[in-house]
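Text of run_31.tsv, listed as TSV, C-alpha atoms and all ligand atoms:
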```
chain	number	residue	atom	x	y	z
S	1	MET	CA	96.49	103.09	97.03
S	2	ASN	CA	97.18	99.97	95.00
S	3	ILE	CA	94.44	97.81	93.52
S	4	PRO	CA	94.96	94.12	94.47
S	5	ASP	CA	95.91	91.83	91.56
S	6	GLU	CA	92.91	89.54	92.10
S	7	LEU	CA	90.58	92.52	91.76
S	8	ILE	CA	92.33	93.63	88.57
S	9	GLN	CA	91.73	90.14	87.19
S	10	ALA	CA	88.13	90.14	88.34
S	11	LEU	CA	87.50	93.52	86.68
S	12	GLN	CA	89.03	92.36	83.43
S	13	GLN	CA	87.45	88.92	83.35
S	14	THR	CA	84.06	89.79	84.73
S	15	ALA	CA	81.31	90.23	82.24
S	16	ARG	CA	78.63	91.43	84.64
S	17	VAL	CA	79.14	94.39	86.95
S	18	THR	CA	76.60	96.21	89.10
S	19	VAL	CA	77.51	99.43	90.91
S	20	MET	CA	75.55	101.15	93.65
S	21	THR	CA	76.46	104.67	94.71
S	22	GLY	CA	75.52	106.85	97.67
S	23	ALA	CA	76.04	110.39	98.86
S	24	GLY	CA	79.80	109.91	99.32
S	25	ILE	CA	80.44	110.03	95.56
S	26	SER	CA	78.89	113.51	95.32
S	27	GLN	CA	80.69	114.83	98.39
S	28	GLU	CA	83.63	115.74	96.14
S	29	SER	CA	81.22	117.83	94.06
S	30	GLY	CA	80.43	119.90	97.14
S	31	ILE	CA	77.13	118.20	98.04
S	32	PRO	CA	77.11	117.34	101.75
S	33	THR	CA	76.48	113.68	102.55
S	34	PHE	CA	73.25	112.84	104.26
S	35	ARG	CA	74.75	111.87	107.58
S	36	ASP	CA	77.24	114.74	107.71
S	37	ALA	CA	75.96	117.75	109.58
S	38	MET	CA	74.10	120.01	107.18
S	39	GLU	CA	75.75	123.36	106.68
S	40	GLY	CA	74.64	126.95	107.17
S	41	LEU	CA	71.01	127.75	107.66
S	42	TRP	CA	70.01	124.17	108.15
S	43	ALA	CA	72.76	123.05	110.52
S	44	LYS	CA	70.29	122.86	113.36
S	45	TYR	CA	67.96	120.41	111.60
S	46	ASP	CA	68.35	116.68	111.40
S	47	PRO	CA	67.85	115.64	107.74
S	48	ALA	CA	66.29	112.38	108.87
S	49	GLU	CA	63.56	114.44	110.51
S	50	LEU	CA	62.89	116.56	107.43
S	51	ALA	CA	62.91	113.67	104.95
S	52	THR	CA	59.55	112.26	106.03
S	53	PRO	CA	55.94	112.62	104.89
S	54	GLU	CA	55.06	113.59	108.47
S	55	ALA	CA	57.44	116.57	108.40
S	56	PHE	CA	55.90	117.71	105.09
S	57	GLU	CA	52.39	117.45	106.53
S	58	ARG	CA	53.41	119.33	109.67
S	59	ASP	CA	55.39	122.08	108.00
S	60	PRO	CA	55.29	122.01	104.19
S	61	GLU	CA	56.85	125.46	103.96
S	62	ARG	CA	59.96	124.51	105.87
S	63	VAL	CA	60.41	121.15	104.13
S	64	THR	CA	59.97	122.49	100.59
S	65	ARG	CA	62.25	125.46	101.28
S	66	TRP	CA	64.95	123.08	102.50
S	67	TYR	CA	64.60	120.92	99.39
S	68	ASP	CA	64.54	123.92	97.08
S	69	GLU	CA	67.82	125.19	98.49
S	70	ARG	CA	69.32	121.74	98.05
S	71	ARG	CA	67.91	121.64	94.49
S	72	MET	CA	69.86	124.84	93.70
S	73	LYS	CA	73.02	123.29	95.10
S	74	CYS	CA	72.53	120.15	92.98
S	75	LEU	CA	71.80	122.14	89.81
S	76	SER	CA	74.98	124.17	90.15
S	77	ALA	CA	77.16	121.18	91.14
S	78	ARG	CA	79.43	119.58	88.57
S	79	PRO	CA	80.13	115.83	88.36
S	80	ASN	CA	83.58	114.86	89.64
S	81	ALA	CA	86.24	112.30	88.69
S	82	GLY	CA	84.23	109.51	90.38
S	83	HIS	CA	81.07	110.16	88.34
S	84	HIS	CA	83.11	110.46	85.13
S	85	ALA	CA	84.94	107.21	85.86
S	86	LEU	CA	81.64	105.31	86.19
S	87	ALA	CA	80.42	106.75	82.88
S	88	ARG	CA	83.67	105.53	81.27
S	89	MET	CA	83.21	102.08	82.80
S	90	GLU	CA	79.67	101.88	81.44
S	91	SER	CA	80.99	102.63	77.94
S	92	ALA	CA	83.88	100.18	78.25
S	93	PHE	CA	81.62	97.34	79.37
S	94	GLN	CA	78.88	98.04	76.86
S	95	ASP	CA	81.31	98.48	73.96
S	96	ARG	CA	82.56	94.96	74.49
S	97	GLY	CA	79.02	93.61	74.87
S	98	ASP	CA	79.25	93.09	78.63
S	99	TYR	CA	76.72	93.93	81.29
S	100	PHE	CA	77.00	97.06	83.46
S	101	VAL	CA	74.27	98.53	85.63
S	102	LEU	CA	74.50	101.70	87.72
S	103	ILE	CA	72.16	102.05	90.67
S	104	THR	CA	72.19	105.24	92.73
S	105	GLN	CA	70.57	106.32	95.96
S	106	ASN	CA	71.43	109.92	95.07
S	107	ILE	CA	68.82	112.40	93.96
S	108	ASP	CA	71.25	114.94	92.52
S	109	GLY	CA	71.32	113.84	88.86
S	110	LEU	CA	75.14	114.02	88.67
S	111	HIS	CA	75.59	110.56	87.11
S	112	ARG	CA	73.54	111.64	84.12
S	113	SER	CA	75.42	114.95	83.91
S	114	ALA	CA	78.63	112.92	83.78
S	115	GLY	CA	77.30	110.96	80.78
S	116	SER	CA	76.09	107.72	82.36
S	117	ARG	CA	73.33	106.63	80.02
S	118	ASP	CA	71.36	104.20	82.14
S	119	VAL	CA	70.96	105.13	85.80
S	120	ILE	CA	68.52	103.48	88.21
S	121	GLU	CA	67.49	106.21	90.66
S	122	LEU	CA	66.22	104.37	93.73
S	123	HIS	CA	65.33	107.48	95.74
S	124	GLY	CA	63.98	109.68	92.94
S	125	SER	CA	65.21	113.07	91.76
S	126	ILE	CA	65.35	116.46	93.43
S	127	ARG	CA	64.90	118.15	90.05
S	128	ARG	CA	61.47	116.61	89.54
S	129	TRP	CA	58.56	118.01	91.60
S	130	ARG	CA	55.06	116.62	91.71
S	131	CYS	CA	51.65	117.68	92.92
S	132	VAL	CA	50.35	115.76	95.92
S	133	ALA	CA	46.76	116.31	94.71
S	134	CYS	CA	46.83	115.48	90.98
S	135	ASN	CA	50.28	113.83	90.71
S	136	ARG	CA	51.37	115.97	87.74
S	137	ALA	CA	55.19	116.06	87.70
S	138	ARG	CA	57.78	118.11	85.84
S	139	ASP	CA	61.46	118.94	86.01
S	140	GLU	CA	62.40	122.22	87.65
S	141	ASP	CA	65.65	123.60	86.28
S	142	GLY	CA	65.08	127.29	87.05
S	143	GLY	CA	65.71	129.48	90.11
S	144	LEU	CA	64.17	129.27	93.56
S	145	PHE	CA	60.39	129.01	93.81
S	146	GLU	CA	58.56	132.20	94.75
S	147	THR	CA	56.38	130.67	97.44
S	148	TYR	CA	56.63	127.68	99.75
S	149	PRO	CA	55.21	125.19	99.31
S	150	PRO	CA	55.12	125.72	95.53
S	151	ARG	CA	51.62	125.22	94.09
S	152	CYS	CA	50.31	123.24	91.12
S	153	GLU	CA	47.90	124.71	88.54
S	154	CYS	CA	45.21	122.68	90.33
S	155	GLY	CA	46.00	124.44	93.63
S	156	GLY	CA	47.60	121.39	95.22
S	157	MET	CA	50.92	121.51	97.05
S	158	ARG	CA	54.01	120.37	95.14
S	159	ARG	CA	56.82	118.32	96.68
S	160	PRO	CA	60.14	116.98	95.42
S	161	ASP	CA	59.78	113.60	93.72
S	162	VAL	CA	62.14	111.91	96.17
S	163	VAL	CA	61.56	108.95	98.48
S	164	TRP	CA	61.11	109.83	102.13
S	165	PHE	CA	61.41	107.48	105.10
S	166	GLY	CA	58.34	105.27	105.32
S	167	GLU	CA	57.55	105.66	101.59
S	168	PHE	CA	57.83	102.96	98.97
S	169	LEU	CA	60.63	103.12	96.44
S	170	PRO	CA	59.64	103.32	92.74
S	171	GLU	CA	58.61	99.77	91.88
S	172	ALA	CA	60.29	99.52	88.49
S	173	ALA	CA	63.57	100.84	89.91
S	174	VAL	CA	63.53	98.27	92.73
S	175	ARG	CA	62.72	95.47	90.29
S	176	ARG	CA	65.60	96.38	87.96
S	177	ALA	CA	68.04	96.95	90.83
S	178	THR	CA	67.20	93.58	92.37
S	179	ALA	CA	67.61	91.80	89.05
S	180	ALA	CA	70.96	93.54	88.51
S	181	SER	CA	72.14	92.50	91.98
S	182	LEU	CA	71.07	88.90	91.46
S	183	SER	CA	72.74	88.54	88.09
S	184	CYS	CA	76.08	90.34	88.48
S	185	ASN	CA	79.34	88.66	89.37
S	186	LEU	CA	80.99	91.81	90.73
S	187	PHE	CA	79.07	94.32	92.89
S	188	LEU	CA	80.65	97.68	93.73
S	189	SER	CA	79.30	99.66	96.65
S	190	VAL	CA	80.56	103.26	96.49
S	191	GLY	CA	80.20	106.05	99.04
S	192	THR	CA	77.26	104.75	100.98
S	193	SER	CA	76.90	104.12	104.70
S	194	GLY	CA	74.69	101.15	103.86
S	195	VAL	CA	72.22	101.78	106.65
S	196	VAL	CA	69.13	102.74	104.65
S	197	TYR	CA	66.87	99.92	103.45
S	198	PRO	CA	65.89	98.43	101.07
S	199	ALA	CA	68.92	99.83	99.15
S	200	ALA	CA	71.31	98.35	101.72
S	201	ASP	CA	69.91	94.88	101.05
S	202	LEU	CA	71.05	94.88	97.42
S	203	LEU	CA	74.62	94.17	98.49
S	204	ASN	CA	73.45	91.14	100.49
S	205	THR	CA	71.32	90.02	97.57
S	206	ALA	CA	74.39	90.12	95.32
S	207	LYS	CA	76.57	88.37	97.90
S	208	VAL	CA	74.10	85.54	98.48
S	209	ALA	CA	73.74	85.11	94.70
S	210	GLY	CA	77.51	84.57	94.51
S	211	ALA	CA	78.92	87.93	93.44
S	212	LYS	CA	82.22	89.30	94.71
S	213	ILE	CA	81.75	92.53	96.64
S	214	VAL	CA	83.95	95.64	96.37
S	215	GLU	CA	83.52	98.60	98.69
S	216	VAL	CA	84.91	102.08	98.01
S	217	ASN	CA	84.71	104.32	101.07
S	218	PRO	CA	87.24	106.24	103.18
S	219	GLU	CA	85.50	104.85	106.29
S	220	PRO	CA	84.47	101.31	107.21
S	221	THR	CA	80.72	100.58	107.14
S	222	PRO	CA	78.55	97.64	108.27
S	223	ALA	CA	79.05	96.23	104.75
S	224	SER	CA	82.84	96.14	105.10
S	225	ALA	CA	82.62	92.78	106.85
S	226	PHE	CA	80.94	91.26	103.75
S	227	ALA	CA	83.22	92.86	101.20
S	228	ASP	CA	85.76	90.75	99.33
S	229	TRP	CA	87.76	93.93	98.74
S	230	MET	CA	87.55	97.11	100.79
S	231	LEU	CA	89.24	99.98	98.95
S	232	PRO	CA	89.72	102.71	101.56
S	233	GLY	CA	89.71	106.02	99.76
S	234	ARG	CA	87.67	108.69	98.09
S	235	ALA	CA	85.54	107.75	95.10
S	236	GLY	CA	87.24	110.44	93.01
S	237	ASP	CA	90.65	108.85	93.64
S	238	VAL	CA	89.74	105.15	93.47
S	239	LEU	CA	87.16	104.93	90.66
S	240	PRO	CA	89.40	106.42	87.93
S	241	LYS	CA	91.88	103.60	88.69
S	242	LEU	CA	89.15	100.97	88.32
S	243	ALA	CA	87.95	102.60	85.08
S	244	GLU	CA	91.47	102.58	83.70
S	245	ILE	CA	91.85	98.86	84.52
S	246	THR	CA	88.52	98.15	82.83
S	247	GLU	CA	89.47	100.10	79.72
S	248	ARG	CA	92.86	98.39	79.45
S	249	LYS	CA	91.10	95.11	78.68
S	250	ARG	CA	89.72	96.49	75.44
S	251	MET	CA	93.18	96.91	73.93
W	1	LIG	C1	82.75	108.89	100.72
W	1	LIG	C2	83.34	110.06	100.41
W	1	LIG	C3	84.08	110.08	99.24
W	1	LIG	C4	82.23	110.39	102.31
W	1	LIG	N1	84.14	108.98	98.52
W	1	LIG	N2	82.77	107.77	100.06
W	1	LIG	C5	64.83	97.29	107.43
W	1	LIG	C6	65.52	97.45	108.60
W	1	LIG	C7	65.49	98.66	109.30
W	1	LIG	C8	64.73	99.74	108.81
W	1	LIG	C9	64.04	99.57	107.64
W	1	LIG	C10	64.08	98.37	106.96
W	1	LIG	N3	63.34	98.49	105.85
W	1	LIG	C11	62.83	99.75	105.80
W	1	LIG	C12	63.22	100.44	106.89
W	1	LIG	C13	62.88	101.85	107.22
W	1	LIG	C14	63.72	102.87	106.47
W	1	LIG	C15	65.19	102.66	106.86
W	1	LIG	O1	65.99	102.12	106.13
W	1	LIG	N4	65.58	103.14	108.02
W	1	LIG	C16	66.96	103.01	108.49
W	1	LIG	C17	67.59	104.39	108.59
W	1	LIG	C18	66.96	102.25	109.77
W	1	LIG	N5	63.56	102.77	105.03
W	1	LIG	C19	62.54	103.35	104.41
W	1	LIG	O2	61.69	103.96	105.03
W	1	LIG	C20	62.46	103.22	102.90
W	1	LIG	N6	61.16	102.83	102.50
W	1	LIG	C21	60.67	101.61	102.70
W	1	LIG	O3	61.32	100.74	103.23
W	1	LIG	O4	59.39	101.42	102.24
W	1	LIG	C22	58.70	100.24	102.65
W	1	LIG	C23	57.91	100.61	103.86
W	1	LIG	C24	56.86	101.48	103.76
W	1	LIG	C25	56.12	101.79	104.89
W	1	LIG	C26	56.48	101.26	106.11
W	1	LIG	C27	57.57	100.38	106.22
W	1	LIG	C28	58.28	100.05	105.06
W	1	LIG	C29	62.69	104.57	102.23
W	1	LIG	C30	64.08	105.07	102.39
W	1	LIG	C31	64.20	106.44	101.72
W	1	LIG	C32	65.54	107.10	101.98
W	1	LIG	N7	65.49	108.45	101.56
W	1	LIG	C33	66.66	109.31	101.76
W	1	LIG	C34	66.24	110.78	101.53
W	1	LIG	C35	66.09	111.11	100.06
W	1	LIG	C36	65.76	112.54	99.84
W	1	LIG	C37	66.82	113.46	100.42
W	1	LIG	O5	67.99	113.42	100.05
W	1	LIG	O6	66.45	114.29	101.24
W	1	LIG	O7	67.70	108.93	100.87
W	1	LIG	S1	67.42	109.10	103.36
W	1	LIG	C38	69.06	109.32	102.82
W	1	LIG	O8	69.82	108.12	103.08
W	1	LIG	C39	68.99	109.49	101.30
W	1	LIG	C40	70.14	108.62	100.87
W	1	LIG	O9	69.96	108.20	99.51
W	1	LIG	C41	70.12	107.49	101.83
W	1	LIG	C42	71.40	106.73	101.94
W	1	LIG	O10	72.42	107.55	102.43
W	1	LIG	P1	73.89	107.38	101.85
W	1	LIG	O11	73.90	107.67	100.42
W	1	LIG	O12	74.43	106.08	102.27
W	1	LIG	O13	74.65	108.60	102.55
W	1	LIG	P2	75.34	108.69	104.00
W	1	LIG	O14	75.48	110.13	104.30
W	1	LIG	O15	74.64	107.85	104.97
W	1	LIG	O16	76.77	108.02	103.80
W	1	LIG	C43	77.77	108.62	103.03
W	1	LIG	C44	78.95	107.67	102.97
W	1	LIG	O17	79.91	108.22	102.07
W	1	LIG	C45	79.69	107.49	104.31
W	1	LIG	O18	79.89	106.08	104.52
W	1	LIG	C46	81.02	108.19	104.09
W	1	LIG	O19	82.10	107.57	104.78
W	1	LIG	C47	81.19	108.05	102.61
W	1	LIG	N8	82.01	109.09	101.96
W	1	LIG	N9	83.02	110.98	101.43
W	1	LIG	C48	83.51	107.84	98.92
W	1	LIG	N10	84.69	111.22	98.87
W	2	ZN	ZN	47.94	119.34	90.83
```
What would you get if you wrote out this structure as structure tokens?
Amino acid sequence: MNIPDELIQALQQTARVTVMTGAGISQESGIPTFRDAMEGLWAKYDPAELATPEAFERDPERVTRWYDERRMKCLSARPNAGHHALARMESAFQDRGDYFVLITQNIDGLHRSAGSRDVIELHGSIRRWRCVACNRARDEDGGLFETYPPRCECGGMRRPDVVWFGEFLPEAAVRRATAASLSCNLFLSVGTSGVVYPAADLLNTAKVAGAKIVEVNPEPTPASAFADWMLPGRAGDVLPKLAEITERKRM
């Protein structure tokens, strides 16, 4: 797939880029996307029904077991060419004193593993677990928990520090993501269906503020109609090309 000339120019002349990623970028690392059918043991459950505070209240054992198995999958996953390309773009932009912000809806931590230094995690992290009673949180990088739900020293139940439907997103992350969307002149939306709010609104925020919109996705989404450039393809194929174009400017 060829990158249109006007986009090449925009990438090389633009001093302010904001990128937002979704589950599609990690699909090539073997992590199923949210709206794909879940595999194996969990194929019969609808993720949208497990990712709620109500589901956790009803059946904390089932919900924490599901998240713990997904945590294992995320810990053993390796970042792919798409994640690495975004880390390279961050360096290229920052080295020349330009502005680059990476926002992700993903909870898998793969952008950091790929070397991205500054990542705004809108939906939290599956590695971090917190107590619902005393709020104490810590990263969990070891094997599966022994009991479900896992328990805090205080006796309270622990849950993944992710954002479920009906919960508020972390305030600082939303503030930074909104500012980045308002102030960029190129906004890249990568591997997201764009149906979950308020993340989906960031693209509109950028558009209304005057940014050009680029979408990278093998399938059209509701956002495709707003995009100035729709690059149909996998993140791992398209993003390395964009990174290479960005890096070429430095020379
Ligand atoms: C590839 C590819 C490849 C495949 N390369 N691409 C306004 C309107 C309507 C509803 C609402 C609204 N405002 C709020 C709501 C309610 C709700 C919501 O949005 N509902 C909609 C579903 C209708 N939002 C919320 O509840 C949010 N909270 C909130 O608004 O608080 C305020 C409030 C409080 C109280 C009452 C009312 C309001 C919270 C949302 C939290 C979302 N959490 C999840 C789960 C995280 C933990 C977990 O993983 O289990 O986050 S849901 C899930 O969706 C996950 C994802 O981050 C998120 C987005 O999904 P994503 O990343 O787009 O993945 P997919 O699978 O949908 O798409 C993958 C895409 O990749 C596809 O397009 C593929 O084609 C593509 N792809 N391979 C590139 N190789
Ligand atoms: Zn506790």
For S:Leu11: contacts at 10 Å, all atoms listed in the file, fewer than 5 positions along chain excluded, given as an mmCIF file with C-alpha atoms, in the coordinates of the input:
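Output (out_5.cif):
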```cif
data_model
loop_
_atom_site.group_PDB
_atom_site.id
_atom_site.type_symbol
_atom_site.label_atom_id
_atom_site.label_comp_id
_atom_site.auth_asym_id
_atom_site.auth_seq_id
_atom_site.Cartn_x
_atom_site.Cartn_y
_atom_site.Cartn_z
ATOM 1 C CA ASP S 5 95.910 91.830 91.560
ATOM 2 C CA GLU S 6 92.910 89.540 92.100
ATOM 3 C CA ARG S 16 78.630 91.430 84.640
ATOM 4 C CA VAL S 17 79.140 94.390 86.950
ATOM 5 C CA ASN S 185 79.340 88.660 89.370
ATOM 6 C CA LEU S 186 80.990 91.810 90.730
ATOM 7 C CA LEU S 242 89.150 100.970 88.320
ATOM 8 C CA ALA S 243 87.950 102.600 85.080
ATOM 9 C CA ILE S 245 91.850 98.860 84.520
ATOM 10 C CA THR S 246 88.520 98.150 82.830
ATOM 11 C CA GLU S 247 89.470 100.100 79.720
ATOM 12 C CA LYS S 249 91.100 95.110 78.680
#
```
Worksheet entry | Nearest to S:Pro32, chosen from S:Val162, S:Ala77, S:Ala200, S:Met1, with all atoms listed in the file counted in the distances |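 Residue with the minimum atom-to-atom distance to S:Pro32: S:Ala77.
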Worksheet item: To one decimal place, how far is atom CA of S:Gly191 from atom CA of S:Phe34 in Å?
Response: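 Atom-to-atom, atom CA of S:Gly191 and atom CA of S:Phe34 are spaced 11.0 Å apart.
In terms of minimum interatomic distance to S:Ile213, S:Ala227 ranks closest within S:Ala199, S:Cys184, S:Ala227, S:Cys134, counting only C-alpha atoms.
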Practice prompt. Around ligand LIG 1 (chain W), at most 7 Å away and counting all atoms listed in the file, which residues are there? Put them as a VMD selection string, please.
Written response: chain S and resid 21 to 25 27 to 28 33 to 36 47 to 48 51 105 to 107 123 162 to 169 190 to 198 216 to 219 221 233 to 236
Worksheet item: Nearest to ligand ZN 2 (chain W) among S:Pro53, S:Gly156, S:Gly210, S:Pro222, with distances taken over only C-alpha atoms and all ligand atoms: which residue is it?
Response: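 Residue with the minimum atom-to-atom distance to ligand ZN 2 (chain W): S:Gly156.
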Practice prompt. Kindly indicate which residue among S:Tyr67, S:Phe93, S:Phe100, S:Trp129 lies nearest to ligand ZN 2 (chain W), using only C-alpha atoms and all ligand atoms for the distances.
Written response: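 Under the stated criterion, the closest residue is S:Trp129.
Coordinates place atom CA of S:Thr14 at a distance of 16.1 Å from atom CA of S:Arg88.
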